[in-house]
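Comments concern the structure below.
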Amino acid sequence: MGIEIETSAIKTDSWDGKFTILKGGIPFWELKGDTTDVSLSGTPHADHNKNVECSTLGGLGYGEINEAAAGMQRVLHAIYERSRAAPSPFTEDAFKALLPDGYDCGLVAFAKSPPPPELSYAAKGPGAEDRTIRPQITFQLPLKDMVYPFERLYMLGHEDIKNFLDDLGMSPVSEGPPSAVAVSSATGGEETEGKHDEGAASAAVDPTGVDFSTLDPEAASHLLVLRDMYRRKALVNTKKGNEIRDYFKTAINPDFSTIPEGDGKGLILLFLYYWYQLFNKKAPMAGEPGLKTYLGVMSRVPLSQLYDKLKSDQKVIFSGFVERHLAFAASSQLRPYKDYKRNLVRTGISVQAWYLSITGEGPRQPVPFKEGSVRQVDLLSPPPNLPQHYSMGLLDIDCNAKGLALVEARGYGKLQYGGSQITIDNIIGFVNHESRLFFGSE
């Protein structure tokens, strides 16, 4: 598990360096400048216009993640209080004085040039509204448990996730680790754990009057009927975004519920969410560059690497499911987005082209990797015209995730948590609660 916390409560004037916090001589977490976010600016010091971000380094266990959270809260709170009146510079020694005993720090340069002698911070201003943060949690987990971050954000009221799971026929009913989270059909079936509600599926009726109760859900024939039915309706998603939701409710929902639990189903879930969010232009274009702002759950490793790690039987399950629905998806293209120069990017990438790049049946894109090497990954890892360090699909499944899925749960900062927003003053409680649920610790 890992955490990343961006806040507009504290601003810095430079991307030239960062503070790395060490425990026992090993990098533990870091503090650096992040995005220049005009919507979250507001310091009285125009040169301090970059948000500050804390992030853990590597995957941490239950005790370690809470220890890191305590350090982040302590440091952010101290910097905020010290820089409220005026910008405050911090040398290595000054920053180290903020840390508990047993920790060290280093001021590290981003470029190859020597690091700056100090970094300066300024508080945005007084008031609780200026202490808010935007936390993200990274979960390292088997693909078969992919539903967990979706269900957790659903429980907290994430609107896009709620729509997605409802349309897919899933709704979480309790908090708990992956093995303890039950699901129920959105149509009101009996609550089960890892069991499909046959009654809910048979009650579903598609818009053209085809009654699913007359069809064998295990047979492929009814999916061919659906494919032909929706072939006529498969208009470009820029004109009819609602058709994607309709198709999920009437065709994908009953099909997905018959898929056996396993890694293949986990990758299907992630693939469907990307399709649902990124190939549907109904939502207004975000001001933030790239596509990750549309994703409540985002893979930090390429989906093509997740596919390559599947066992052969799970690959068959994944490919068989997706190919049953490509006829409808064929006309859906990746939504436009802005690059970091604020130019509009229209890629023309279709769901089918992206899917084929995942499985390797179609072209993958070459992306520079470590020490001058190049890896071949799917077309959205990262999307075109975005920098190489863009976080979507940036990491490597073997080097960074021990062969497991690595997904980032986003959007906590927009949700009410315990009746209030998350701030620099309650990071510990937030992280402790989320880590306890994930690890199943008391």
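Labels used: A, B, ... for chains in the order of the structure tokens, numbers from 1 for residues in each chain, and numbers from 1 for ligands as shown.
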
Shell around Ser357 (chain A) at 7 Å using only C-alpha atoms, local window under 5 positions removed, as a ChimeraX atom specification: /A:362-364,378-379

Can you spit out the residues from that selection as a compact mmCIF listing (two decimals), in the first residue's frame, using C-alpha atoms?
# COMPACT_ATOMS: atom_id res chain seq x y z
CA GLY A 362 -2.28 -5.19 -32.55
CA PRO A 363 0.52 -2.59 -32.39
CA ARG A 364 1.83 -1.64 -28.99
CA ASP A 378 -0.60 -0.70 -24.63
CA LEU A 379 -1.71 2.56 -26.26

With 6 Å as the cut-off and only C-alpha atoms counted, what is the closest atom pair between each nearby residue of region 333-361 of chain A and region 268-287 of chain A? Distances in Å to one decimal, ordered by chain and number, as JSON lines.
{"residue": "A:Gln333", "atom": "CA", "partner": "A:Phe279", "partner_atom": "CA", "distance": 5.5}
{"residue": "A:Leu334", "atom": "CA", "partner": "A:Phe279", "partner_atom": "CA", "distance": 4.6}
{"residue": "A:Arg335", "atom": "CA", "partner": "A:Phe279", "partner_atom": "CA", "distance": 5.4}

Produce a file of the selected residues containing N, CA and C atoms, as a PDB file, in the first residue's frame.
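Dumped to part24.pdb:
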ATOM      1  N   GLN A 333     -14.447   6.183 -29.570  1.00  0.00           N
ATOM      2  CA  GLN A 333     -13.067   6.650 -29.623  1.00  0.00           C
ATOM      3  C   GLN A 333     -12.673   7.314 -28.311  1.00  0.00           C
ATOM      4  N   LEU A 334     -11.377   7.299 -28.033  1.00  0.00           N
ATOM      5  CA  LEU A 334     -10.851   7.916 -26.823  1.00  0.00           C
ATOM      6  C   LEU A 334     -11.226   9.387 -26.793  1.00  0.00           C
ATOM      7  N   ARG A 335     -11.722   9.825 -25.659  1.00  0.00           N
ATOM      8  CA  ARG A 335     -12.172  11.203 -25.548  1.00  0.00           C
ATOM      9  C   ARG A 335     -11.012  12.183 -25.749  1.00  0.00           C
TER      10      ARG A 335
END

For region 56-60 of chain A: contacts at 9 Å, only C-alpha atoms, fewer than 5 positions along chain excluded, given as a list in words: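 The contact residues come out as Met1, Gly2, Ile3, Glu4, Pro27, Phe28, Trp29, Glu30, Ile65, Ala68, Ala69, Thr138, Phe139, Gln140, Asn400 and Ala401 of chain A.
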
Among listed residues A:Pro172, A:Leu156, A:Phe19, A:Ile358, nearest Gly419 (chain A) (using only C-alpha atoms):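 Using only C-alpha atoms, the shortest distance to Gly419 (chain A) belongs to A:Leu156.
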
Counting only C-alpha atoms, the option among A:Glu261, A:Asp47, A:Glu243, A:Glu159 closest to Val147 (chain A):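 Counting only C-alpha atoms, the residue closest to Val147 (chain A) is A:Glu261.
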
DSSP-assigned helix (DSSP H, G or I) members of region 123-159 of chain A, reported as a list in words: Ala128, Glu129, Asp130, Leu143, Lys144, Asp145, Val147, Tyr148, Pro149, Phe150, Glu151, Arg152, Leu153, Tyr154, Met155 and Glu159 of chain A

Could you please take those selected residues and save C-alpha atoms as an mmCIF file, in the first residue's frame?
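part20.cif was written with the following content:
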data_model
loop_
_atom_site.group_PDB
_atom_site.id
_atom_site.type_symbol
_atom_site.label_atom_id
_atom_site.label_comp_id
_atom_site.auth_asym_id
_atom_site.auth_seq_id
_atom_site.Cartn_x
_atom_site.Cartn_y
_atom_site.Cartn_z
ATOM 1 C CA ALA A 128 -9.776 25.442 7.715
ATOM 2 C CA GLU A 129 -10.735 25.635 4.040
ATOM 3 C CA ASP A 130 -7.093 26.295 3.212
ATOM 4 C CA LEU A 143 -6.078 -8.930 -10.065
ATOM 5 C CA LYS A 144 -8.774 -11.187 -8.630
ATOM 6 C CA ASP A 145 -9.249 -8.609 -5.835
ATOM 7 C CA VAL A 147 -13.076 -4.950 -7.054
ATOM 8 C CA TYR A 148 -11.816 -3.729 -3.650
ATOM 9 C CA PRO A 149 -10.769 -0.130 -4.518
ATOM 10 C CA PHE A 150 -13.929 0.285 -6.596
ATOM 11 C CA GLU A 151 -16.156 -0.812 -3.744
ATOM 12 C CA ARG A 152 -14.282 1.328 -1.240
ATOM 13 C CA LEU A 153 -14.764 4.513 -3.281
ATOM 14 C CA TYR A 154 -18.401 3.535 -3.861
ATOM 15 C CA MET A 155 -18.921 3.340 -0.095
ATOM 16 C CA GLU A 159 -20.221 9.465 -8.114
#
